>>> print(open('query_28.cif').read())   # mmCIF, C-alpha atoms and all ligand atoms
data_protein
#
loop_
_atom_site.label_atom_id
_atom_site.label_comp_id
_atom_site.auth_asym_id
_atom_site.auth_seq_id
_atom_site.Cartn_x
_atom_site.Cartn_y
_atom_site.Cartn_z
CA MET A 1 213.67 -10.88 71.74
CA ILE A 2 214.13 -14.39 70.46
CA ASP A 3 217.69 -15.46 69.86
CA GLU A 4 218.79 -17.49 66.91
CA PRO A 5 218.56 -21.20 67.63
CA VAL A 6 221.73 -22.70 68.99
CA GLY A 7 222.44 -25.20 66.28
CA GLY A 8 225.27 -26.83 64.41
CA ARG A 9 226.22 -25.80 60.91
CA ALA A 10 224.24 -28.63 59.42
CA ALA A 11 221.16 -27.24 61.11
CA SER A 12 221.54 -23.71 59.86
CA GLU A 13 222.22 -24.97 56.37
CA GLY A 14 218.80 -26.57 56.56
CA ASN A 15 219.83 -30.06 55.50
CA GLY A 16 216.90 -31.64 57.28
CA GLY A 17 219.03 -33.21 60.01
CA VAL A 18 217.14 -31.39 62.77
CA LEU A 19 215.07 -33.76 64.89
CA LEU A 20 214.07 -31.72 67.89
CA GLU A 21 214.06 -27.96 68.01
CA ALA A 22 213.13 -25.32 70.56
CA GLU A 23 212.59 -21.69 69.70
CA GLY A 24 212.35 -18.92 72.27
CA LEU A 25 211.17 -21.27 75.02
CA ALA A 26 210.12 -19.76 78.33
CA ARG A 27 208.55 -21.33 81.38
CA HIS A 28 207.39 -19.22 84.32
CA TYR A 29 206.03 -20.59 87.58
CA ALA A 30 203.80 -18.58 89.88
CA SER A 31 204.04 -19.02 93.62
CA ARG A 32 203.05 -17.11 96.77
CA GLY A 33 205.71 -15.23 98.70
CA PRO A 34 205.79 -15.03 102.52
CA TRP A 35 203.30 -12.13 102.56
CA GLY A 36 200.93 -13.69 100.09
CA ALA A 37 202.20 -11.69 97.14
CA GLU A 38 202.49 -13.58 93.86
CA ARG A 39 206.02 -14.29 92.75
CA ILE A 40 207.03 -15.41 89.30
CA THR A 41 210.00 -17.73 88.85
CA ALA A 42 211.37 -17.66 85.33
CA ALA A 43 212.73 -21.22 85.30
CA VAL A 44 213.52 -21.03 81.58
CA GLU A 45 213.81 -17.89 79.49
CA ASP A 46 214.45 -17.50 75.79
CA VAL A 47 215.96 -20.93 75.16
CA SER A 48 216.49 -21.92 71.53
CA LEU A 49 218.30 -25.07 70.53
CA ARG A 50 218.43 -27.82 67.95
CA ILE A 51 219.22 -31.48 68.27
CA LEU A 52 220.51 -33.02 65.09
CA ARG A 53 220.27 -36.61 63.96
CA GLY A 54 222.94 -38.78 65.56
CA GLU A 55 224.52 -36.08 67.69
CA THR A 56 224.81 -35.39 71.40
CA LEU A 57 223.93 -31.95 72.64
CA ALA A 58 224.92 -31.48 76.27
CA LEU A 59 223.03 -29.05 78.47
CA VAL A 60 225.14 -28.05 81.44
CA GLY A 61 224.67 -25.78 84.42
CA GLU A 62 224.32 -25.73 88.17
CA SER A 63 221.31 -26.84 90.20
CA GLY A 64 218.19 -24.79 89.56
CA CYS A 65 219.37 -23.21 86.29
CA GLY A 66 216.46 -24.74 84.35
CA LYS A 67 217.87 -27.89 82.73
CA SER A 68 215.09 -30.29 83.74
CA THR A 69 212.43 -27.71 82.96
CA THR A 70 213.92 -27.34 79.47
CA ALA A 71 213.85 -31.14 79.14
CA ARG A 72 210.18 -31.35 80.20
CA LEU A 73 209.25 -28.61 77.72
CA LEU A 74 211.14 -30.34 74.91
CA MET A 75 209.32 -33.57 75.66
CA GLY A 76 205.94 -31.87 75.73
CA LEU A 77 205.43 -32.91 79.36
CA GLU A 78 204.37 -29.37 80.21
CA PRO A 79 203.41 -26.43 78.03
CA PRO A 80 205.82 -23.52 77.61
CA THR A 81 204.75 -20.07 78.80
CA SER A 82 205.95 -18.95 75.40
CA GLY A 83 207.96 -20.32 72.52
CA THR A 84 207.63 -23.46 70.43
CA VAL A 85 208.97 -27.00 70.26
CA ARG A 86 209.17 -28.77 66.94
CA TYR A 87 209.83 -32.42 66.27
CA ARG A 88 210.84 -33.18 62.67
CA GLY A 89 209.61 -29.73 61.76
CA ARG A 90 206.14 -30.19 63.32
CA ASP A 91 205.03 -27.89 66.12
CA LEU A 92 204.04 -29.96 69.18
CA GLY A 93 201.18 -27.54 69.84
CA SER A 94 199.51 -28.34 66.52
CA MET A 95 200.12 -32.09 66.36
CA SER A 96 197.23 -34.47 65.94
CA ARG A 97 196.67 -37.21 68.52
CA THR A 98 198.38 -39.77 66.31
CA GLU A 99 201.36 -37.49 65.73
CA LEU A 100 201.64 -36.86 69.47
CA LEU A 101 201.64 -40.59 70.21
CA GLU A 102 204.40 -41.08 67.64
CA PHE A 103 206.33 -38.16 69.18
CA ARG A 104 205.97 -39.62 72.70
CA ARG A 105 207.37 -42.87 71.43
CA ARG A 106 210.27 -41.43 69.45
CA VAL A 107 211.49 -39.07 72.16
CA GLN A 108 212.33 -40.94 75.36
CA LEU A 109 213.48 -39.84 78.78
CA VAL A 110 216.18 -41.50 80.87
CA PHE A 111 216.14 -40.36 84.49
CA GLN A 112 218.85 -39.62 86.99
CA ASP A 113 217.51 -42.06 89.54
CA PRO A 114 216.81 -45.36 87.81
CA PHE A 115 215.46 -46.93 91.01
CA GLY A 116 212.79 -44.30 91.48
CA SER A 117 211.62 -44.79 87.90
CA LEU A 118 211.37 -48.61 87.93
CA ASN A 119 208.34 -50.44 89.31
CA PRO A 120 209.68 -52.42 92.32
CA ARG A 121 206.96 -55.09 92.03
CA MET A 122 207.62 -55.99 88.42
CA THR A 123 210.39 -58.16 87.03
CA VAL A 124 212.56 -56.52 84.43
CA GLY A 125 211.13 -58.82 81.77
CA GLY A 126 207.59 -57.97 82.87
CA MET A 127 208.32 -54.28 82.68
CA LEU A 128 209.92 -54.42 79.22
CA GLY A 129 207.13 -56.73 78.03
CA GLU A 130 204.55 -54.22 79.19
CA VAL A 131 206.20 -51.41 77.24
CA LEU A 132 206.31 -53.61 74.13
CA SER A 133 202.63 -54.54 74.37
CA VAL A 134 201.41 -51.02 75.19
CA HIS A 135 203.03 -49.86 71.97
CA ALA A 136 202.04 -53.03 70.12
CA LEU A 137 205.66 -53.62 69.15
CA ALA A 138 206.04 -57.33 69.88
CA ALA A 139 203.80 -60.16 71.07
CA GLY A 140 204.10 -63.87 71.84
CA GLU A 141 207.49 -65.47 71.19
CA GLU A 142 208.68 -62.35 69.47
CA ARG A 143 208.26 -60.45 72.74
CA GLY A 144 210.60 -62.76 74.67
CA ARG A 145 213.16 -62.58 71.89
CA ARG A 146 213.00 -58.78 71.84
CA ILE A 147 213.39 -58.58 75.66
CA THR A 148 216.57 -60.68 75.46
CA GLU A 149 217.80 -58.51 72.63
CA LEU A 150 217.14 -55.29 74.59
CA LEU A 151 218.94 -56.66 77.65
CA GLY A 152 221.85 -57.66 75.44
CA LEU A 153 222.02 -54.17 73.96
CA VAL A 154 222.63 -52.71 77.41
CA GLY A 155 225.09 -55.42 78.44
CA LEU A 156 222.79 -57.58 80.59
CA GLY A 157 222.21 -61.33 80.24
CA PRO A 158 218.80 -62.91 79.52
CA GLU A 159 218.50 -64.05 83.16
CA ALA A 160 218.03 -60.39 84.17
CA ALA A 161 214.47 -60.66 82.81
CA GLU A 162 213.40 -62.82 85.77
CA ARG A 163 214.76 -60.48 88.43
CA TYR A 164 213.39 -57.44 90.26
CA PRO A 165 214.91 -53.92 90.27
CA HIS A 166 216.19 -54.19 93.87
CA GLU A 167 218.36 -57.14 92.89
CA PHE A 168 220.50 -54.91 90.67
CA SER A 169 223.26 -52.41 91.38
CA GLY A 170 222.81 -48.71 90.57
CA GLY A 171 224.72 -49.01 87.30
CA GLN A 172 222.72 -52.08 86.27
CA ARG A 173 219.48 -50.32 87.10
CA GLN A 174 220.50 -47.44 84.88
CA ARG A 175 221.10 -50.00 82.11
CA ILE A 176 217.57 -51.29 82.67
CA GLY A 177 216.24 -47.73 82.44
CA ILE A 178 218.07 -47.36 79.13
CA ALA A 179 216.70 -50.71 77.87
CA ARG A 180 213.18 -49.52 78.69
CA ALA A 181 213.76 -46.32 76.71
CA LEU A 182 215.16 -48.33 73.78
CA ALA A 183 212.20 -50.73 73.79
CA VAL A 184 210.07 -48.27 71.80
CA GLU A 185 212.77 -47.59 69.18
CA PRO A 186 213.31 -43.91 69.91
CA ASP A 187 215.38 -41.58 67.80
CA VAL A 188 216.00 -39.00 70.56
CA ILE A 189 216.89 -39.77 74.16
CA VAL A 190 216.72 -36.99 76.71
CA ALA A 191 219.01 -38.13 79.50
CA ASP A 192 218.54 -35.97 82.59
CA GLU A 193 221.70 -36.45 84.66
CA PRO A 194 221.82 -40.16 83.80
CA VAL A 195 225.05 -40.84 85.68
CA SER A 196 224.95 -38.26 88.51
CA ALA A 197 223.72 -40.81 91.07
CA LEU A 198 226.39 -43.37 90.18
CA ASP A 199 229.89 -44.00 91.52
CA VAL A 200 232.56 -42.39 89.37
CA SER A 201 233.91 -45.79 88.26
CA ILE A 202 230.43 -46.84 87.10
CA GLN A 203 229.75 -43.49 85.41
CA ALA A 204 232.35 -44.20 82.74
CA GLN A 205 230.78 -47.57 81.93
CA VAL A 206 227.32 -46.09 81.48
CA LEU A 207 228.74 -43.24 79.38
CA ASN A 208 230.54 -45.77 77.19
CA LEU A 209 227.33 -47.73 76.81
CA LEU A 210 225.44 -44.60 75.74
CA ALA A 211 228.15 -43.75 73.20
CA ASP A 212 228.12 -47.31 71.88
CA LEU A 213 224.33 -47.35 71.53
CA GLN A 214 224.42 -44.03 69.74
CA GLU A 215 226.76 -45.44 67.15
CA ARG A 216 224.85 -48.69 66.70
CA LEU A 217 221.36 -47.23 66.64
CA GLY A 218 221.99 -43.73 65.27
CA LEU A 219 220.43 -42.09 68.33
CA SER A 220 220.45 -38.40 69.19
CA TYR A 221 220.96 -37.36 72.79
CA LEU A 222 220.16 -34.35 74.86
CA PHE A 223 222.52 -35.04 77.70
CA ILE A 224 221.94 -33.02 80.86
CA ALA A 225 224.64 -32.68 83.51
CA HIS A 226 225.80 -30.42 86.32
CA ASP A 227 229.42 -30.31 85.36
CA LEU A 228 231.42 -30.17 82.20
CA ALA A 229 233.70 -33.05 83.16
CA VAL A 230 230.93 -35.65 82.78
CA VAL A 231 229.84 -34.54 79.33
CA ARG A 232 233.33 -34.23 77.85
CA GLN A 233 233.32 -37.90 76.88
CA VAL A 234 230.01 -37.77 75.05
CA ALA A 235 229.16 -34.28 73.80
CA ASP A 236 229.41 -33.07 70.21
CA ARG A 237 228.06 -29.68 71.16
CA VAL A 238 227.57 -28.07 74.56
CA ALA A 239 225.07 -25.45 75.72
CA VAL A 240 225.79 -23.86 79.10
CA MET A 241 222.81 -22.54 81.05
CA TYR A 242 222.77 -20.00 83.82
CA ALA A 243 219.68 -18.70 85.62
CA GLY A 244 217.28 -20.01 82.97
CA ARG A 245 219.17 -18.82 79.90
CA ILE A 246 221.79 -20.25 77.58
CA VAL A 247 224.95 -18.22 78.14
CA GLU A 248 227.31 -20.07 75.82
CA ALA A 249 227.05 -22.78 73.19
CA SER A 250 229.45 -24.22 70.69
CA ASP A 251 230.99 -27.44 69.52
CA ALA A 252 232.48 -29.30 72.45
CA ASP A 253 236.17 -29.03 71.50
CA THR A 254 236.01 -25.27 71.13
CA LEU A 255 234.13 -24.86 74.38
CA TYR A 256 236.64 -26.92 76.35
CA HIS A 257 239.71 -25.35 74.80
CA GLN A 258 238.52 -21.77 74.48
CA PRO A 259 235.63 -21.04 76.82
CA LEU A 260 234.38 -17.47 76.38
CA HIS A 261 231.72 -16.82 78.99
CA PRO A 262 233.04 -16.18 82.52
CA TYR A 263 230.54 -18.73 83.87
CA THR A 264 231.77 -21.44 81.48
CA ARG A 265 235.30 -20.61 82.59
CA SER A 266 234.38 -20.99 86.23
CA LEU A 267 232.71 -24.34 85.48
CA LEU A 268 235.88 -25.53 83.80
CA ALA A 269 237.97 -24.26 86.70
CA ALA A 270 235.75 -26.21 89.08
CA VAL A 271 236.49 -29.53 87.37
CA PRO A 272 238.06 -31.46 90.24
CA ARG A 273 241.84 -31.76 90.22
CA PRO A 274 243.97 -33.60 92.74
CA ARG A 275 244.86 -31.13 95.47
CA PRO A 276 247.19 -31.61 98.43
CA PRO A 277 245.00 -31.99 101.55
CA SER A 278 246.66 -29.01 103.23
CA GLU A 279 245.77 -26.63 100.43
CA LYS A 280 242.56 -24.65 100.93
CA PRO A 281 240.11 -24.23 98.07
CA ARG A 282 240.51 -20.92 96.29
CA ALA A 283 237.95 -18.20 96.74
CA THR A 284 236.62 -18.61 93.20
CA GLU A 285 235.83 -22.27 93.85
CA LEU A 286 234.05 -21.39 97.07
CA ARG A 287 231.76 -19.11 95.15
CA GLU A 288 230.45 -21.86 92.91
CA GLY A 289 227.11 -23.32 93.85
CA ALA A 290 225.88 -20.15 95.51
CA ASP A 291 222.38 -19.23 94.39
CA PRO A 292 222.40 -16.94 91.39
CA PRO A 293 221.47 -13.51 92.74
CA LYS A 294 218.19 -12.39 91.19
CA ARG A 295 218.63 -9.30 89.05
CA ALA A 296 215.95 -7.17 87.50
CA THR A 297 218.21 -5.86 84.77
CA GLY A 298 221.60 -6.58 83.31
CA CYS A 299 223.57 -9.77 83.16
CA ALA A 300 222.32 -12.48 85.56
CA TYR A 301 225.91 -13.51 86.25
CA PHE A 302 226.98 -9.99 87.23
CA GLY A 303 227.16 -10.68 90.98
CA ARG A 304 229.46 -13.68 90.61
CA CYS A 305 231.41 -12.62 87.54
CA ARG A 306 235.22 -12.59 87.79
CA HIS A 307 235.85 -11.17 84.35
CA PRO A 308 238.51 -8.43 84.69
CA ALA A 309 236.52 -6.14 82.38
CA ARG A 310 233.26 -6.49 84.30
CA ASP A 311 231.81 -3.05 85.02
CA GLU A 312 228.57 -1.15 85.53
CA GLU A 313 227.70 -1.52 81.85
CA CYS A 314 227.14 -5.23 82.50
CA SER A 315 224.49 -4.44 85.08
CA LEU A 316 222.47 -2.15 82.83
CA ALA A 317 221.11 -4.36 80.07
CA LEU A 318 220.67 -8.08 79.52
CA PRO A 319 223.37 -9.26 77.11
CA LEU A 320 222.10 -10.98 73.95
CA LEU A 321 223.20 -14.42 72.88
CA GLU A 322 225.39 -13.56 69.91
CA GLU A 323 227.01 -15.76 67.28
CA ARG A 324 230.69 -14.78 67.46
CA SER A 325 231.89 -17.20 64.83
CA PRO A 326 230.01 -19.94 62.97
CA GLY A 327 228.26 -22.13 65.55
CA ARG A 328 229.78 -20.29 68.47
CA TRP A 329 227.34 -18.40 70.71
CA VAL A 330 228.00 -16.32 73.79
CA ARG A 331 225.95 -14.03 76.01
CA CYS A 332 228.52 -11.60 77.39
CA ILE A 333 229.41 -8.08 76.31
CA LYS A 334 232.99 -8.33 77.62
CA THR A 335 234.25 -11.37 75.75
N1 LIG B 401 206.86 -27.15 89.05
C1 LIG B 401 207.55 -26.10 89.50
N2 LIG B 401 206.95 -25.13 90.22
C2 LIG B 401 207.63 -24.05 90.65
N3 LIG B 401 208.95 -23.85 90.42
C3 LIG B 401 209.61 -24.79 89.71
C4 LIG B 401 208.95 -25.95 89.21
N4 LIG B 401 209.86 -26.70 88.54
C5 LIG B 401 211.03 -26.02 88.62
N5 LIG B 401 210.88 -24.88 89.32
C6 LIG B 401 211.93 -23.87 89.56
O1 LIG B 401 212.53 -23.59 88.33
C7 LIG B 401 213.93 -23.47 88.45
C8 LIG B 401 214.62 -24.45 87.54
O2 LIG B 401 214.39 -25.78 87.99
P1 LIG B 401 214.95 -27.06 87.23
O3 LIG B 401 214.46 -28.25 87.95
O4 LIG B 401 214.62 -26.95 85.79
O5 LIG B 401 216.51 -26.91 87.41
P2 LIG B 401 217.69 -27.93 87.09
O6 LIG B 401 218.71 -27.16 86.32
O7 LIG B 401 217.15 -29.17 86.49
O8 LIG B 401 218.29 -28.23 88.53
P3 LIG B 401 218.96 -29.59 89.11
O9 LIG B 401 220.35 -29.60 88.58
O10 LIG B 401 218.93 -29.38 90.59
O11 LIG B 401 218.14 -30.75 88.66
C9 LIG B 401 214.23 -23.65 89.92
O12 LIG B 401 214.28 -22.40 90.53
C10 LIG B 401 213.05 -24.43 90.42
O13 LIG B 401 212.82 -24.20 91.79
MG MG B 402 217.20 -31.18 87.06
#
>>> encode(input="query_28.cif", output="structure tokens")
Amino acid sequence: MIDEPVGGRAASEGNGGVLLEAEGLARHYASRGPWGAERITAAVEDVSLRILRGETLALVGESGCGKSTTARLLMGLEPPTSGTVRYRGRDLGSMSRTELLEFRRRVQLVFQDPFGSLNPRMTVGGMLGEVLSVHALAAGEERGRRITELLGLVGLGPEAAERYPHEFSGGQRQRIGIARALAVEPDVIVADEPVSALDVSIQAQVLNLLADLQERLGLSYLFIAHDLAVVRQVADRVAVMYAGRIVEASDADTLYHQPLHPYTRSLLAAVPRPRPPSEKPRATELREGADPPKRATGCAYFGRCRHPARDEECSLALPLLEERSPGRWVRCIKT
């Protein structure tokens, strides 16, 4: 069963503001178990979402819930087991070579670890220049001017062009990663945990930069994060994933003020608060981060659910993702 796409009102009114869209995406991986038997991991199951022009959709959930796999599918970096991805209404699977090249340029990835994604033997200017020439975007004097402009956009001076990645701090390297993504004039940036590797004080600066660039350049973001605290500053809408599926999605304000799904509630409860050193973490907090127990039927969250109304009914059938009020989706039969 394919759920309705998780999209804003504008999307469902069909005003053409949808840039990137996934419908019923699934991705299964086959592996061999200890006795040689084939095991199937459903990394992503039945994920539908829409990214509108100029908005930030945050995709949040714990490690292993399928966020990066969803990102790779949306970017066409691997084929889905089932489901479709559309960019500006065109199915990736039926795009011509030219259309695919245009898609690869317009939808850019920003990684968690900027250092791992930058060539250590190339100066920043060399790297940006290479991107510009590969895409035939600027040559000669124009190239140098554009490199300075890109560095300026991310808050770096022109002298950065002469330096190598190791000469920069983590936050500066992430700025370079963003400049590289911007070099090809994208309209969607998929940012996979772009600030998770940075100090908290630096995180806010990079988040501010992303928000500023969005406003100046009209970018759309799919912003992936582990925890809800990080995305609060940037998200217009939030989709919460658990064990490969979206379990709740709505506009950010509603989600933060009135979370419905028990998993979303536990994520909000886990947002760090100052705690006296003597006080022990509560049992509910200790439970977070445990591997989702694999279930053949019923709600995937059943084993960890703290909802007072949780009962056997929850373990019988997989709950559907239902639209409870306009733009507000939840996959739980007890809320
Ligand atoms: N290429 C692969 N082959 C086999 N299994 C994979 C592959 N990629 C991902 N998986 C599995 O799919 C599930 C989802 O992985 P994914 O990387 O999408 O999670 P994630 O939400 O991005 O996690 P994290 O927050 O740790 O980055 C995990 O169980 C993972 O082990
Ligand atoms: Mg990931």
>>> residues_around(input="query_28.cif", residues="Gly125 in chain A", least_positions_apart="3", cutoff="7 Å", atoms="all atoms listed in the file", output="PyMOL selection string")
chain A and resi 128-129+147+161-162
>>> write_last_selection(input="query_28.cif", atoms="C-alpha atoms", output="compact mmCIF listing (two decimals), in the coordinates of the input")
# COMPACT_ATOMS: atom_id res chain seq x y z
CA LEU A 128 209.92 -54.42 79.22
CA GLY A 129 207.13 -56.73 78.03
CA ILE A 147 213.39 -58.58 75.66
CA ALA A 161 214.47 -60.66 82.81
CA GLU A 162 213.40 -62.82 85.77
>>> residues_around(input="query_28.cif", residues="range 179-187 of chain A", least_positions_apart="5", cutoff="7 Å", atoms="all atoms listed in the file", output="list of chain:residue names")
A:Arg105, A:Arg106, A:Val107, A:Gln108, A:Leu109, A:Val110, A:Leu128, A:Val131, A:Leu132, A:Leu150, A:Leu151, A:Val154, A:Leu219, A:Ser220
>>> closest_residue(input="query_28.cif", among="A:Ile51, A:Ile189, A:Ala42, A:Leu207", to="Gly64 in chain A", atoms="all atoms listed in the file")
A:Ala42
>>> closest_residue(input="query_28.cif", among="A:Arg245, A:Arg145, A:Arg232, A:Arg88", to="ligand LIG 401 (chain B)", atoms="all atoms listed in the file")
A:Arg245
>>> closest_atom_pairs(input="query_28.cif", of="chain A", to="ligand MG 402 (chain B)", cutoff="7 Å", atoms="only C-alpha atoms and all ligand atoms", output="Markdown table")
| residue | atom | partner | partner_atom | distance |
| --- | --- | --- | --- | --- |
| A:Ser63 | CA | B:MG402 | MG | 6.8 |
| A:Gly64 | CA | B:MG402 | MG | 6.9 |
| A:Lys67 | CA | B:MG402 | MG | 5.5 |
| A:Ser68 | CA | B:MG402 | MG | 4.0 |
| A:Asp192 | CA | B:MG402 | MG | 6.7 |
>>> residues_near_ligand(input="query_28.cif", ligand="ligand LIG 401 (chain B)", cutoff="8 Å", atoms="only C-alpha atoms and all ligand atoms", output="list in words")
His28, Tyr29, Ala30, Ser31, Thr41, Ala42, Ala43, Val44, Gly61, Glu62, Ser63, Gly64, Cys65, Gly66, Lys67, Ser68, Thr69, Thr70, Ala71, Asp192, Glu193, Ala225, His226, Ala243 and Gly244 of chain A
>>> closest_residue(input="query_28.cif", among="A:Asp227, A:Glu45, A:Asp253, A:Glu142", to="Thr81 in chain A", atoms="all atoms listed in the file")
A:Glu45
>>> atom_distance(input="query_28.cif", atom1="CA of Met122 in chain A", atom2="CA of His166 in chain A")
10.3 Å
>>> residues_around(input="query_28.cif", residues="Asp113 in chain A", least_positions_apart="3", cutoff="7 Å", atoms="only C-alpha atoms", output="short mmCIF file (atom, residue, chain, number, x, y, z; two decimals) with C-alpha atoms, in the coordinates of the input")
data_model
loop_
_atom_site.label_atom_id
_atom_site.label_comp_id
_atom_site.auth_asym_id
_atom_site.auth_seq_id
_atom_site.Cartn_x
_atom_site.Cartn_y
_atom_site.Cartn_z
CA GLY A 116 212.79 -44.30 91.48
CA SER A 117 211.62 -44.79 87.90
CA ALA A 197 223.72 -40.81 91.07
#
>>> atom_distance(input="query_28.cif", atom1="CA of Cys305 in chain A", atom2="CA of Tyr263 in chain A")
7.2 Å
>>> atom_distance(input="query_28.cif", atom1="CA of Gly327 in chain A", atom2="CA of Glu248 in chain A")
10.5 Å
>>> closest_residue(input="query_28.cif", among="A:Glu21, A:Lys334, A:Glu99, A:Gly54", to="Leu73 in chain A", atoms="all atoms listed in the file")
A:Glu21
>>> closest_residue(input="query_28.cif", among="A:Val200, A:Ala139, A:Val188, A:Val330", to="Ser250 in chain A", atoms="all atoms listed in the file")
A:Val330
>>> residues_around(input="query_28.cif", residues="Asp212 in chain A", least_positions_apart="6", cutoff="12 Å", atoms="all atoms listed in the file", output="list of chain:residue names")
A:Gly54, A:Leu153, A:Val154, A:Gly155, A:Gln205, A:Val206, A:Gly218, A:Leu219, A:Gln233, A:Val234
>>> closest_residue(input="query_28.cif", among="A:Arg304, A:Leu77, A:Glu55, A:Val85", to="Gly17 in chain A", atoms="only C-alpha atoms")
A:Glu55
>>> residues_around(input="query_28.cif", residues="Arg324 in chain A", least_positions_apart="3", cutoff="12 Å", atoms="all atoms listed in the file", output="CSV table (one decimal) with C-alpha atoms, in the coordinates of the input")
chain,number,residue,atom,x,y,z
A,248,GLU,CA,227.3,-20.1,75.8
A,249,ALA,CA,227.0,-22.8,73.2
A,250,SER,CA,229.4,-24.2,70.7
A,260,LEU,CA,234.4,-17.5,76.4
A,261,HIS,CA,231.7,-16.8,79.0
A,320,LEU,CA,222.1,-11.0,74.0
A,321,LEU,CA,223.2,-14.4,72.9
A,327,GLY,CA,228.3,-22.1,65.6
A,328,ARG,CA,229.8,-20.3,68.5
A,329,TRP,CA,227.3,-18.4,70.7
A,330,VAL,CA,228.0,-16.3,73.8
A,331,ARG,CA,226.0,-14.0,76.0
A,332,CYS,CA,228.5,-11.6,77.4
A,333,ILE,CA,229.4,-8.1,76.3
A,335,THR,CA,234.2,-11.4,75.8
>>> decode(input="query_28.cif", residues="range 162-167 of chain A", atoms="all heavy atoms", output="PDB file, in the first residue's frame")
ATOM      1  N   GLU A 162      43.714  29.732  -2.258  1.00  0.00           N
ATOM      2  CA  GLU A 162      45.100  29.238  -2.385  1.00  0.00           C
ATOM      3  C   GLU A 162      45.423  28.146  -1.379  1.00  0.00           C
ATOM      4  O   GLU A 162      46.518  27.595  -1.396  1.00  0.00           O
ATOM      5  CB  GLU A 162      46.097  30.399  -2.157  1.00  0.00           C
ATOM      6  CG  GLU A 162      45.852  31.636  -3.010  1.00  0.00           C
ATOM      7  CD  GLU A 162      45.807  31.303  -4.489  1.00  0.00           C
ATOM      8  OE1 GLU A 162      46.594  30.431  -4.921  1.00  0.00           O
ATOM      9  OE2 GLU A 162      44.962  31.891  -5.208  1.00  0.00           O
ATOM     10  N   ARG A 163      44.526  27.874  -0.468  1.00  0.00           N
ATOM     11  CA  ARG A 163      44.865  26.956   0.636  1.00  0.00           C
ATOM     12  C   ARG A 163      44.271  25.567   0.425  1.00  0.00           C
ATOM     13  O   ARG A 163      43.379  25.365  -0.386  1.00  0.00           O
ATOM     14  CB  ARG A 163      44.398  27.576   1.958  1.00  0.00           C
ATOM     15  CG  ARG A 163      45.208  28.837   2.289  1.00  0.00           C
ATOM     16  CD  ARG A 163      44.513  29.735   3.287  1.00  0.00           C
ATOM     17  NE  ARG A 163      44.336  29.061   4.564  1.00  0.00           N
ATOM     18  CZ  ARG A 163      43.514  29.486   5.523  1.00  0.00           C
ATOM     19  NH1 ARG A 163      42.805  30.585   5.346  1.00  0.00           N
ATOM     20  NH2 ARG A 163      43.407  28.819   6.645  1.00  0.00           N
ATOM     21  N   TYR A 164      44.819  24.614   1.222  1.00  0.00           N
ATOM     22  CA  TYR A 164      44.397  23.216   1.125  1.00  0.00           C
ATOM     23  C   TYR A 164      43.405  22.879   2.247  1.00  0.00           C
ATOM     24  O   TYR A 164      43.434  23.513   3.310  1.00  0.00           O
ATOM     25  CB  TYR A 164      45.622  22.294   1.230  1.00  0.00           C
ATOM     26  CG  TYR A 164      46.508  22.374   0.010  1.00  0.00           C
ATOM     27  CD1 TYR A 164      47.513  23.344  -0.077  1.00  0.00           C
ATOM     28  CD2 TYR A 164      46.311  21.512  -1.059  1.00  0.00           C
ATOM     29  CE1 TYR A 164      48.313  23.442  -1.203  1.00  0.00           C
ATOM     30  CE2 TYR A 164      47.107  21.597  -2.198  1.00  0.00           C
ATOM     31  CZ  TYR A 164      48.108  22.563  -2.265  1.00  0.00           C
ATOM     32  OH  TYR A 164      48.880  22.662  -3.386  1.00  0.00           O
ATOM     33  N   PRO A 165      42.559  21.849   2.040  1.00  0.00           N
ATOM     34  CA  PRO A 165      41.536  21.516   3.041  1.00  0.00           C
ATOM     35  C   PRO A 165      42.062  21.384   4.472  1.00  0.00           C
ATOM     36  O   PRO A 165      41.416  21.836   5.407  1.00  0.00           O
ATOM     37  CB  PRO A 165      40.973  20.190   2.528  1.00  0.00           C
ATOM     38  CG  PRO A 165      41.149  20.246   1.047  1.00  0.00           C
ATOM     39  CD  PRO A 165      42.425  21.013   0.821  1.00  0.00           C
ATOM     40  N   HIS A 166      43.271  20.776   4.639  1.00  0.00           N
ATOM     41  CA  HIS A 166      43.742  20.557   6.021  1.00  0.00           C
ATOM     42  C   HIS A 166      44.066  21.852   6.745  1.00  0.00           C
ATOM     43  O   HIS A 166      44.230  21.870   7.966  1.00  0.00           O
ATOM     44  CB  HIS A 166      44.958  19.610   6.028  1.00  0.00           C
ATOM     45  CG  HIS A 166      46.217  20.250   5.529  1.00  0.00           C
ATOM     46  ND1 HIS A 166      46.644  20.141   4.227  1.00  0.00           N
ATOM     47  CD2 HIS A 166      47.135  21.028   6.150  1.00  0.00           C
ATOM     48  CE1 HIS A 166      47.774  20.818   4.067  1.00  0.00           C
ATOM     49  NE2 HIS A 166      48.083  21.370   5.224  1.00  0.00           N
ATOM     50  N   GLU A 167      44.166  22.947   6.015  1.00  0.00           N
ATOM     51  CA  GLU A 167      44.482  24.224   6.662  1.00  0.00           C
ATOM     52  C   GLU A 167      43.240  24.898   7.242  1.00  0.00           C
ATOM     53  O   GLU A 167      43.331  25.986   7.785  1.00  0.00           O
ATOM     54  CB  GLU A 167      45.136  25.170   5.641  1.00  0.00           C
ATOM     55  CG  GLU A 167      46.447  24.645   5.065  1.00  0.00           C
ATOM     56  CD  GLU A 167      46.997  25.570   3.997  1.00  0.00           C
ATOM     57  OE1 GLU A 167      47.179  26.772   4.275  1.00  0.00           O
ATOM     58  OE2 GLU A 167      47.246  25.096   2.872  1.00  0.00           O
TER      59      GLU A 167
END
